[in-house]
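Engineer: As input, take run.txt (compact mmCIF, C-alpha atoms and all ligand atoms):
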```txt
# COMPACT_ATOMS: atom_id res chain seq x y z
CA MET H 1 0.00 0.00 0.00
CA ASN H 2 1.40 3.40 -0.99
CA CYS H 3 1.86 5.93 1.81
CA LYS H 4 1.94 9.70 2.10
CA VAL H 5 4.14 11.53 4.57
CA LEU H 6 2.25 13.98 6.80
CA ASN H 7 3.69 17.38 7.77
CA ASN H 8 5.02 15.93 11.05
CA GLY H 9 6.86 13.09 9.26
CA VAL H 10 4.30 10.36 10.09
CA LYS H 11 3.50 7.97 7.24
CA ILE H 12 -0.15 7.28 6.35
CA PRO H 13 -1.42 4.66 3.89
CA GLU H 14 -3.19 6.60 1.15
CA ILE H 15 -6.27 4.36 1.09
CA GLY H 16 -8.09 3.66 4.34
CA LEU H 17 -11.26 1.74 5.13
CA GLY H 18 -14.03 4.04 6.36
CA VAL H 19 -16.53 2.48 8.80
CA PHE H 20 -19.13 5.27 9.15
CA ARG H 21 -22.63 3.71 9.41
CA VAL H 22 -21.17 0.19 9.58
CA GLN H 23 -23.14 -1.59 12.30
CA GLU H 24 -21.13 -2.85 15.27
CA GLU H 25 -22.03 -6.46 14.33
CA ASP H 26 -20.70 -6.06 10.76
CA THR H 27 -17.61 -4.07 11.64
CA GLU H 28 -15.48 -6.96 12.83
CA ASN H 29 -15.88 -8.84 9.52
CA VAL H 30 -15.44 -5.76 7.41
CA VAL H 31 -12.18 -4.79 9.14
CA LYS H 32 -10.86 -8.34 8.97
CA TRP H 33 -11.63 -8.58 5.24
CA ALA H 34 -9.91 -5.24 4.69
CA ILE H 35 -6.77 -6.23 6.56
CA ASP H 36 -6.69 -9.57 4.72
CA ALA H 37 -6.99 -7.68 1.44
CA GLY H 38 -4.00 -5.50 2.32
CA TYR H 39 -5.54 -2.41 3.94
CA ARG H 40 -3.37 -0.99 6.71
CA HIS H 41 -5.48 2.08 7.53
CA ILE H 42 -8.85 2.09 9.32
CA ASP H 43 -10.85 5.26 9.94
CA THR H 44 -13.39 5.20 12.77
CA ALA H 45 -14.84 7.70 15.27
CA SER H 46 -16.40 7.51 18.70
CA VAL H 47 -19.78 8.51 17.26
CA TYR H 48 -19.74 5.57 14.83
CA GLU H 49 -20.16 3.29 17.86
CA ASN H 50 -17.97 0.57 16.38
CA GLU H 51 -14.53 1.27 17.89
CA GLN H 52 -14.72 -1.87 20.00
CA ALA H 53 -15.26 -4.08 16.95
CA VAL H 54 -12.48 -2.27 15.07
CA GLY H 55 -10.09 -2.95 17.96
CA LYS H 56 -11.13 -6.59 18.21
CA ALA H 57 -10.69 -7.23 14.48
CA ILE H 58 -7.26 -5.61 14.56
CA LYS H 59 -6.19 -7.67 17.54
CA GLU H 60 -7.35 -10.88 15.87
CA SER H 61 -5.87 -10.00 12.45
CA GLY H 62 -2.39 -11.13 13.39
CA VAL H 63 -0.93 -7.92 11.90
CA ASN H 64 1.33 -6.00 14.28
CA ARG H 65 -0.28 -2.92 15.75
CA GLU H 66 2.61 -0.72 14.56
CA ASP H 67 1.97 -1.82 10.97
CA LEU H 68 -1.58 -0.43 11.07
CA PHE H 69 -2.79 3.16 10.96
CA VAL H 70 -5.88 3.79 13.10
CA THR H 71 -7.82 7.06 13.22
CA THR H 72 -10.55 8.05 15.63
CA LYS H 73 -12.33 11.36 16.24
CA ILE H 74 -13.55 13.40 19.19
CA TRP H 75 -17.31 13.87 19.08
CA ASN H 76 -19.09 17.24 19.29
CA SER H 77 -20.76 16.74 22.67
CA ASP H 78 -17.40 15.84 24.24
CA ILE H 79 -15.88 19.01 22.76
CA ARG H 80 -18.79 21.12 23.98
CA GLN H 81 -18.57 19.61 27.46
CA ASN H 82 -14.81 20.11 27.52
CA ARG H 83 -14.09 16.43 28.17
CA VAL H 84 -11.64 15.72 25.36
CA LYS H 85 -9.12 13.77 27.39
CA GLU H 86 -11.81 11.65 29.02
CA ALA H 87 -13.43 10.98 25.64
CA PHE H 88 -10.07 10.11 24.12
CA ASP H 89 -9.30 7.65 26.93
CA GLU H 90 -12.72 6.07 26.43
CA SER H 91 -11.93 5.63 22.73
CA LEU H 92 -8.58 4.00 23.56
CA GLU H 93 -10.33 1.72 26.03
CA ARG H 94 -12.91 0.64 23.43
CA LEU H 95 -10.21 0.13 20.80
CA GLY H 96 -8.09 -1.79 23.30
CA MET H 97 -5.05 0.31 22.34
CA ASP H 98 -2.57 2.51 24.16
CA TYR H 99 -2.22 5.01 21.30
CA VAL H 100 -3.89 5.93 18.03
CA ASP H 101 -2.11 6.99 14.88
CA MET H 102 -4.48 9.88 14.29
CA CYS H 103 -7.16 11.73 16.22
CA LEU H 104 -9.34 14.43 14.68
CA ILE H 105 -11.74 17.11 15.87
CA HIS H 106 -14.85 15.66 14.20
CA TRP H 107 -16.74 18.91 13.48
CA PRO H 108 -15.95 22.60 13.96
CA VAL H 109 -18.16 23.18 17.00
CA GLU H 110 -17.70 25.89 19.60
CA ASN H 111 -14.66 25.20 21.85
CA SER H 112 -12.85 23.38 19.02
CA GLU H 113 -9.70 25.41 19.69
CA ILE H 114 -9.69 24.32 23.32
CA ALA H 115 -10.28 20.73 22.27
CA TYR H 116 -7.48 20.93 19.74
CA LYS H 117 -5.08 22.22 22.39
CA GLN H 118 -5.96 19.23 24.55
CA MET H 119 -5.20 16.97 21.62
CA GLU H 120 -1.85 18.76 21.29
CA GLU H 121 -1.06 17.63 24.84
CA LEU H 122 -2.03 14.03 24.01
CA TYR H 123 0.18 14.29 20.93
CA THR H 124 3.14 15.52 22.97
CA ALA H 125 2.54 12.66 25.41
CA GLY H 126 2.79 10.18 22.49
CA LYS H 127 -0.80 8.94 22.77
CA ILE H 128 -1.63 10.32 19.31
CA LYS H 129 0.92 10.17 16.48
CA ALA H 130 -0.78 12.83 14.34
CA ILE H 131 -3.55 15.30 15.10
CA GLY H 132 -5.92 17.03 12.72
CA VAL H 133 -9.43 18.21 11.99
CA SER H 134 -12.46 17.15 10.01
CA ASN H 135 -15.18 19.17 8.29
CA PHE H 136 -13.26 22.42 8.73
CA GLN H 137 -13.87 25.11 6.14
CA LYS H 138 -11.15 27.63 5.35
CA HIS H 139 -12.53 30.15 7.87
CA HIS H 140 -12.60 27.49 10.60
CA MET H 141 -8.97 26.64 9.83
CA LYS H 142 -7.96 30.29 9.92
CA GLU H 143 -9.63 30.81 13.29
CA LEU H 144 -8.03 27.64 14.67
CA GLU H 145 -4.59 28.74 13.46
CA LYS H 146 -4.72 31.75 15.81
CA HIS H 147 -4.85 29.54 18.90
CA ILE H 148 -2.68 26.52 18.26
CA THR H 149 0.96 25.41 18.22
CA VAL H 150 0.88 22.18 16.20
CA LEU H 151 -0.28 22.51 12.58
CA PRO H 152 -3.09 20.03 11.76
CA THR H 153 -1.69 17.14 9.72
CA VAL H 154 -4.98 16.60 7.87
CA ASN H 155 -8.41 17.98 7.20
CA GLN H 156 -10.89 15.17 6.53
CA ILE H 157 -13.68 16.49 4.31
CA GLU H 158 -16.30 15.35 1.85
CA SER H 159 -15.01 14.98 -1.69
CA ASN H 160 -16.40 13.02 -4.63
CA PRO H 161 -17.03 13.68 -8.32
CA ARG H 162 -20.33 15.46 -7.55
CA PHE H 163 -18.75 17.58 -4.81
CA ALA H 164 -15.04 17.90 -5.52
CA ASN H 165 -14.42 20.55 -2.82
CA GLN H 166 -11.34 21.56 -4.80
CA GLU H 167 -10.91 25.12 -3.55
CA LEU H 168 -10.65 23.98 0.07
CA ILE H 169 -8.32 21.14 -0.95
CA ASP H 170 -6.00 23.54 -2.77
CA TRP H 171 -5.97 25.86 0.24
CA CYS H 172 -5.10 22.99 2.62
CA PHE H 173 -2.31 21.84 0.30
CA SER H 174 -0.91 25.39 0.19
CA LYS H 175 -0.59 25.18 4.00
CA GLY H 176 1.05 21.73 3.97
CA ILE H 177 -2.11 20.09 5.34
CA ALA H 178 -3.04 16.75 3.76
CA VAL H 179 -6.65 16.11 2.79
CA GLU H 180 -8.63 12.95 3.42
CA ALA H 181 -11.74 12.39 1.29
CA TYR H 182 -14.81 10.96 3.02
CA SER H 183 -17.82 9.78 1.03
CA PRO H 184 -15.28 9.47 -1.80
CA LEU H 185 -17.71 7.42 -3.91
CA GLY H 186 -20.59 9.81 -3.30
CA GLY H 187 -21.81 8.51 0.05
CA SER H 188 -24.70 6.16 0.64
CA ILE H 189 -27.66 8.51 0.26
CA ASP H 190 -29.06 9.03 -3.24
CA ASN H 191 -25.82 7.85 -4.81
CA ASN H 192 -25.97 8.12 -8.57
CA ILE H 193 -22.26 8.72 -9.18
CA LEU H 194 -21.56 5.02 -9.58
CA ASN H 195 -24.03 4.92 -12.52
CA ASN H 196 -22.61 7.95 -14.28
CA HIS H 197 -22.03 7.31 -18.01
CA VAL H 198 -18.79 9.35 -18.22
CA LEU H 199 -17.31 7.27 -15.41
CA SER H 200 -18.71 4.03 -16.86
CA ALA H 201 -17.01 4.71 -20.20
CA ILE H 202 -13.64 5.27 -18.51
CA ALA H 203 -14.16 2.16 -16.38
CA GLU H 204 -14.85 0.08 -19.47
CA LYS H 205 -11.66 1.29 -21.14
CA TYR H 206 -9.50 0.09 -18.24
CA ASN H 207 -11.59 -2.98 -17.48
CA LYS H 208 -12.22 -1.62 -13.98
CA CYS H 209 -15.40 -0.72 -12.07
CA VAL H 210 -16.56 2.87 -11.60
CA ALA H 211 -15.59 2.89 -7.92
CA GLN H 212 -12.00 2.03 -8.89
CA ILE H 213 -11.95 4.89 -11.41
CA VAL H 214 -13.19 7.33 -8.77
CA ILE H 215 -10.63 6.13 -6.20
CA ARG H 216 -7.88 6.50 -8.80
CA TRP H 217 -9.11 10.05 -9.54
CA HIS H 218 -8.79 10.93 -5.84
CA LEU H 219 -5.29 9.47 -5.60
CA GLN H 220 -4.13 11.35 -8.67
CA ARG H 221 -5.48 14.57 -7.10
CA GLY H 222 -3.14 13.87 -4.18
CA LEU H 223 -5.80 12.89 -1.64
CA ILE H 224 -5.95 10.21 1.01
CA VAL H 225 -9.13 8.22 0.24
CA LEU H 226 -11.50 6.53 2.71
CA PRO H 227 -13.94 4.36 0.76
CA LYS H 228 -16.33 2.15 2.68
CA SER H 229 -18.25 -0.97 1.87
CA ILE H 230 -19.79 -3.78 3.84
CA HIS H 231 -19.12 -6.22 0.96
CA GLN H 232 -15.90 -8.21 0.80
CA ASP H 233 -15.62 -8.14 -3.01
CA ARG H 234 -15.95 -4.34 -3.06
CA ILE H 235 -13.47 -3.91 -0.21
CA ILE H 236 -10.99 -5.91 -2.29
CA GLN H 237 -11.80 -3.91 -5.45
CA ASN H 238 -11.29 -0.57 -3.75
CA ILE H 239 -7.56 -1.06 -3.20
CA ASP H 240 -6.98 -2.76 -6.55
CA VAL H 241 -6.25 0.55 -8.25
CA TYR H 242 -2.52 0.42 -8.88
CA ASP H 243 -2.38 -1.26 -12.29
CA PHE H 244 -3.62 1.68 -14.37
CA SER H 245 -3.63 5.47 -14.34
CA LEU H 246 -6.00 8.10 -15.72
CA ASN H 247 -4.72 10.49 -18.35
CA ASP H 248 -5.16 14.28 -18.14
CA GLU H 249 -8.21 14.26 -20.39
CA GLU H 250 -9.93 11.65 -18.20
CA MET H 251 -9.03 13.59 -15.04
CA ASP H 252 -10.56 16.73 -16.63
CA LYS H 253 -13.70 14.83 -17.61
CA ILE H 254 -14.19 13.66 -14.02
CA ASN H 255 -13.40 17.13 -12.68
CA SER H 256 -16.17 18.51 -14.90
CA LEU H 257 -18.80 16.31 -13.17
CA ASP H 258 -18.63 18.61 -10.12
CA LEU H 259 -22.11 19.96 -9.30
CA ASN H 260 -21.07 21.44 -5.97
CA ILE H 261 -23.77 19.34 -4.26
CA ARG H 262 -22.89 17.71 -0.96
CA THR H 263 -24.12 14.33 0.12
CA GLY H 264 -23.30 14.96 3.78
CA SER H 265 -23.92 17.79 6.23
CA ASP H 266 -22.71 21.32 5.58
CA PRO H 267 -20.00 22.36 8.07
CA ASP H 268 -21.46 25.88 8.05
CA HIS H 269 -25.02 24.72 8.82
CA PHE H 270 -25.37 21.67 10.99
CA ASP H 271 -27.42 21.07 14.09
CA PHE H 272 -25.78 18.20 15.93
P1 LIG Q 301 -21.99 -1.02 0.21
O1 LIG Q 301 -21.54 -0.92 1.64
O2 LIG Q 301 -23.39 -1.52 0.06
O3 LIG Q 301 -20.98 -1.73 -0.66
P2 LIG Q 301 -18.61 6.08 0.18
O4 LIG Q 301 -19.46 6.42 1.35
O5 LIG Q 301 -17.28 5.54 0.52
O6 LIG Q 301 -18.60 7.19 -0.81
O7 LIG Q 301 -19.35 4.86 -0.55
C1 LIG Q 301 -20.71 4.93 -0.92
C2 LIG Q 301 -21.30 3.57 -1.09
O8 LIG Q 301 -20.72 2.93 -2.23
C3 LIG Q 301 -20.96 2.64 0.05
O9 LIG Q 301 -21.95 2.75 1.06
C4 LIG Q 301 -20.91 1.25 -0.59
O10 LIG Q 301 -22.08 0.51 -0.33
C5 LIG Q 301 -20.78 1.53 -2.07
N1 LIG Q 301 -19.53 0.95 -2.60
C6 LIG Q 301 -18.30 0.91 -2.02
N2 LIG Q 301 -17.40 0.32 -2.81
C7 LIG Q 301 -18.05 -0.02 -3.94
C8 LIG Q 301 -17.68 -0.66 -5.15
N3 LIG Q 301 -16.43 -1.07 -5.36
N4 LIG Q 301 -18.64 -0.84 -6.10
C9 LIG Q 301 -19.91 -0.43 -5.91
N5 LIG Q 301 -20.32 0.19 -4.79
C10 LIG Q 301 -19.42 0.39 -3.82
```
As structure tokens - that is how I would like this structure written.

Structural biologist:
Amino acid sequence: MNCKVLNNGVKIPEIGLGVFRVQEEDTENVVKWAIDAGYRHIDTASVYENEQAVGKAIKESGVNREDLFVTTKIWNSDIRQNRVKEAFDESLERLGMDYVDMCLIHWPVENSEIAYKQMEELYTAGKIKAIGVSNFQKHHMKELEKHITVLPTVNQIESNPRFANQELIDWCFSKGIAVEAYSPLGGSIDNNILNNHVLSAIAEKYNKCVAQIVIRWHLQRGLIVLPKSIHQDRIIQNIDVYDFSLNDEEMDKINSLDLNIRTGSDPDHFDF
């Protein structure tokens, strides 16, 4: 699995398995299949309520902990209640781990700067190898910058062919902040990207499926990609993207599918 190097020198596998909305009872299998297929990066969050199953699958996988990259996230209510360290310890407990590779502020809620500073302390203590944010717009990042010492390593945001989010990505890159794409295949609600005829034509040319074309598009844009699936064959497909590359014309065609329509919540207007 190819890796990227984050701005603090930590290496991160550029494709990770996302487990948002994966039920606790399915998570163990899904993570095991992924590790068997060659994934070394799992992205969870306390609010997904499946950290325990992620930890169990990892423990039973037989792969050394230091060869895996595990991300979790601090949930909004814990940030609002100023209980970041407690919430983080609870995540570690559920994962059955004594550190995580990455921990993110899940959403830009009030008190995020304070929460981030507490993550900085956990980072200094070696309990988190890389800290970052998720769902931060440029103005959230700029506000955060005023208060913090350690530059975020990543911003995890929605990006897919229907909502490329390119301006924010370019801005993060200009700051040395890596970008992780969630809902990279268009998310699970009203997903018509995977039936798109432009993508289907490119897929046919390379004898690949549309999801593989979209994942390749993300990688060639320089992103870390977090596709999710509860099906073993798709989990295997989603990292089988290293035997072809898209040309400039194909990249442009996919770029032109951008409708600026999100599948997920808007970081400037959310109520949770
Ligand atoms: P499923 O779990 O039923 O396989 P994302 O949220 O990562 O953008 O993905 C959106 C949906 O695309 C997922 O919920 C998943 O549904 C589906 N999916 C993932 N990988 C593939 C694939 N290789 N081919 C078709 N659909 C896929």

Engineer: Please indicate the distance in Å from atom CA of H:Asp170 to atom C4 of ligand LIG 301 (chain Q), rounded to one decimal place.

Structural biologist: 26.9 Å

Engineer: Taking only C-alpha atoms into account, name the residue in H:Glu60, H:Glu120, H:Glu66, H:Glu14 that is nearest to H:Asn29.

Structural biologist: H:Glu60

Engineer: Could you list, as a PyMOL selection string, all residues that come within 8 Å of ligand LIG 301 (chain Q)? Count all atoms listed in the file.

Structural biologist: chain H and resi 18+20+160+182-189+191+194+209-212+226-231+233-238

Engineer: What lies within 9 Å of H:Leu246 using only C-alpha atoms, ignoring chain neighbours under 2 positions off, as a PyMOL selection string?

Structural biologist: chain H and resi 202+213+216-217+220+244+248-251

Engineer: With distances taken over all atoms listed in the file, which of H:Ile105, H:Ile35, H:Val22, H:Val10 is nearest to H:Ile79?

Structural biologist: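 Once distances to H:Ile79 are computed over all atoms listed in the file, the minimum belongs to H:Ile105.
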
Engineer: Using Å and a single decimal, report how far atom CA of H:Asn155 sits from atom CA of H:Val133.

Structural biologist: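 Distance between the two atoms: 4.9 Å.
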
Engineer: Quick one: distance from atom CA of H:Glu49 to atom CA of H:Met102 in Å, one decimal?

Structural biologist: 17.4 Å

Engineer: Kindly indicate which residue among H:Val198, H:Val63, H:Leu104, H:Ala125 lies nearest to H:Arg40, using only C-alpha atoms for the distances.

Structural biologist: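 Checking each candidate against H:Arg40, we get H:Val63 as the closest.
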
Engineer: Hey, what's within 10 Å of H:Asn260 if we count all atoms listed in the file and toss same-chain stuff fewer than 3 positions away? As a PyMOL selection string, please?

Structural biologist: chain H and resi 159-166+257+263

Engineer: Using all atoms listed in the file, which residue out of H:Lys73, H:Lys117, H:Lys129, H:Arg65 lies closest to H:Ser46?

Structural biologist: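 Between H:Lys73, H:Lys117, H:Lys129, H:Arg65, the residue approaching H:Ser46 most closely is H:Lys73.
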
Engineer: Edge lengths and centre, in Å to one decimal, as AutoDock Vina command-line options: that's what I need for the box along x, y and z that holds all listed atoms of stretch 124-134 of chain H plus 4 Å on each side.

Structural biologist:
```
--center_x -4.7 --center_y 13.6 --center_z 17.7 --size_x 23.6 --size_y 17.3 --size_z 23.4
```

Engineer: For H:Ala130, find every residue with an atom within 9 Å (counting all atoms listed in the file), except residues of its own chain fewer than 3 positions away, and show them as a VMD selection string.

Structural biologist: chain H and resid 6 8 10 100 to 104 123 152 to 154

Engineer: What lies within 12 Å of H:Arg83 using all atoms listed in the file, ignoring chain neighbours under 3 positions off, as a list in words?

Structural biologist: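 Counting only the stated atoms, we get Ile74, Trp75, Asn76, Ser77, Asp78, Ile79, Arg80, Glu86, Ala87, Phe88, Asp89, Glu90, Asn111, Ser112, Ile114, Ala115, Tyr116, Gln118 and Met119 of chain H.
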
Engineer: Counting all atoms listed in the file, which of H:Gly264, H:Gly62, H:Gly16, H:Gly126 gets nearest to H:Asn2?

Structural biologist: H:Gly16

Engineer: So which one's closest to H:Ala181, H:Asp43, H:Glu143, H:Asp67, H:Glu121? Using all atoms listed in the file, please.

Structural biologist: H:Asp43

Engineer: Using all atoms listed in the file, can you list as a list in words the residues within 10 Å of (-15.7, -4.2, 12.5)?

Structural biologist: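 Result, sorted by chain then residue number: Val19, Val22, Gln23, Glu24, Glu25, Asp26, Thr27, Glu28, Asn29, Val30, Val31, Lys32, Trp33, Ala34, Ile42, Thr44, Asn50, Glu51, Gln52, Ala53, Val54, Gly55, Lys56, Ala57, Ile58 and Ile230 of chain H.
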
Engineer: Considering only C-alpha atoms, return as a list in words whatever protein or nucleic-acid residues lie within 7 Å of H:Pro108, sequence-local ones (same chain, fewer than 2 positions apart) excluded.

Structural biologist: Glu110, Ser112, Asn135, Phe136 and His140 of chain H

Engineer: Since the input is missing atoms for stretch 19-30 of chain H, could you rebuild it with all heavy atoms and give the result as a CSV table (one decimal), in the frame of the given file?

Structural biologist:
```csv
chain,number,residue,atom,x,y,z
H,19,VAL,N,-15.5,3.4,8.2
H,19,VAL,CA,-16.5,2.5,8.8
H,19,VAL,C,-17.7,3.3,9.3
H,19,VAL,O,-18.5,2.8,10.2
H,19,VAL,CB,-15.9,1.5,9.9
H,19,VAL,CG1,-15.0,0.5,9.3
H,19,VAL,CG2,-15.2,2.3,11.0
H,20,PHE,N,-17.9,4.5,8.8
H,20,PHE,CA,-19.1,5.3,9.2
H,20,PHE,C,-20.4,4.5,8.8
H,20,PHE,O,-20.5,3.9,7.7
H,20,PHE,CB,-19.1,6.6,8.4
H,20,PHE,CG,-20.3,7.5,8.6
H,20,PHE,CD1,-20.9,7.7,9.8
H,20,PHE,CD2,-20.9,8.1,7.5
H,20,PHE,CE1,-22.0,8.5,10.0
H,20,PHE,CE2,-22.0,8.9,7.6
H,20,PHE,CZ,-22.5,9.1,8.9
H,21,ARG,N,-21.4,4.4,9.6
H,21,ARG,CA,-22.6,3.7,9.4
H,21,ARG,C,-22.5,2.2,9.3
H,21,ARG,O,-23.4,1.5,8.8
H,21,ARG,CB,-23.4,4.2,8.2
H,21,ARG,CG,-23.9,5.6,8.4
H,21,ARG,CD,-25.2,5.8,7.5
H,21,ARG,NE,-25.7,7.2,7.7
H,21,ARG,CZ,-25.5,8.2,6.9
H,21,ARG,NH1,-24.8,8.0,5.8
H,21,ARG,NH2,-26.0,9.4,7.1
H,22,VAL,N,-21.3,1.7,9.6
H,22,VAL,CA,-21.2,0.2,9.6
H,22,VAL,C,-21.6,-0.3,11.0
H,22,VAL,O,-21.0,0.2,12.0
H,22,VAL,CB,-19.7,-0.3,9.2
H,22,VAL,CG1,-19.7,-1.8,9.2
H,22,VAL,CG2,-19.3,0.3,7.9
H,23,GLN,N,-22.6,-1.1,11.0
H,23,GLN,CA,-23.1,-1.6,12.3
H,23,GLN,C,-22.0,-2.3,13.1
H,23,GLN,O,-21.2,-3.0,12.5
H,23,GLN,CB,-24.3,-2.6,12.1
H,23,GLN,CG,-25.5,-2.0,11.3
H,23,GLN,CD,-26.1,-0.9,12.0
H,23,GLN,OE1,-26.4,-1.0,13.2
H,23,GLN,NE2,-26.4,0.2,11.3
H,24,GLU,N,-22.1,-2.2,14.4
H,24,GLU,CA,-21.1,-2.8,15.3
H,24,GLU,C,-21.0,-4.3,14.9
H,24,GLU,O,-19.9,-4.8,14.8
H,24,GLU,CB,-21.6,-2.7,16.7
H,24,GLU,CG,-20.8,-3.5,17.8
H,24,GLU,CD,-19.6,-2.7,18.3
H,24,GLU,OE1,-19.4,-1.5,18.0
H,24,GLU,OE2,-18.9,-3.3,19.2
H,25,GLU,N,-22.1,-5.0,14.6
H,25,GLU,CA,-22.0,-6.5,14.3
H,25,GLU,C,-21.4,-6.8,13.0
H,25,GLU,O,-20.8,-7.9,12.8
H,25,GLU,CB,-23.4,-7.1,14.4
H,25,GLU,CG,-24.5,-6.7,13.5
H,25,GLU,CD,-25.3,-5.5,14.1
H,25,GLU,OE1,-24.8,-4.8,15.0
H,25,GLU,OE2,-26.4,-5.3,13.5
H,26,ASP,N,-21.4,-5.8,12.1
H,26,ASP,CA,-20.7,-6.1,10.8
H,26,ASP,C,-19.2,-5.6,10.8
H,26,ASP,O,-18.4,-6.1,9.9
H,26,ASP,CB,-21.4,-5.2,9.6
H,26,ASP,CG,-22.8,-5.7,9.4
H,26,ASP,OD1,-23.1,-6.9,9.5
H,26,ASP,OD2,-23.7,-4.9,9.0
H,27,THR,N,-18.9,-4.7,11.7
H,27,THR,CA,-17.6,-4.1,11.6
H,27,THR,C,-16.5,-5.0,11.7
H,27,THR,O,-15.4,-4.9,11.0
H,27,THR,CB,-17.5,-3.0,12.8
H,27,THR,OG1,-18.6,-2.1,12.6
H,27,THR,CG2,-16.2,-2.2,12.7
H,28,GLU,N,-16.6,-6.0,12.6
H,28,GLU,CA,-15.5,-7.0,12.8
H,28,GLU,C,-15.1,-7.7,11.5
H,28,GLU,O,-13.9,-7.7,11.1
H,28,GLU,CB,-15.9,-8.0,13.9
H,28,GLU,CG,-14.8,-8.4,14.8
H,28,GLU,CD,-15.2,-9.4,15.8
H,28,GLU,OE1,-16.2,-9.1,16.6
H,28,GLU,OE2,-14.7,-10.5,15.8
H,29,ASN,N,-16.1,-8.2,10.8
H,29,ASN,CA,-15.9,-8.8,9.5
H,29,ASN,C,-15.3,-7.9,8.5
H,29,ASN,O,-14.3,-8.2,7.8
H,29,ASN,CB,-17.2,-9.4,8.9
H,29,ASN,CG,-17.5,-10.7,9.5
H,29,ASN,OD1,-16.6,-11.4,10.0
H,29,ASN,ND2,-18.8,-11.1,9.4
H,30,VAL,N,-15.9,-6.7,8.4
H,30,VAL,CA,-15.4,-5.8,7.4
H,30,VAL,C,-14.0,-5.4,7.6
H,30,VAL,O,-13.2,-5.4,6.7
H,30,VAL,CB,-16.4,-4.5,7.5
H,30,VAL,CG1,-15.8,-3.3,6.9
H,30,VAL,CG2,-17.7,-4.8,6.9
```
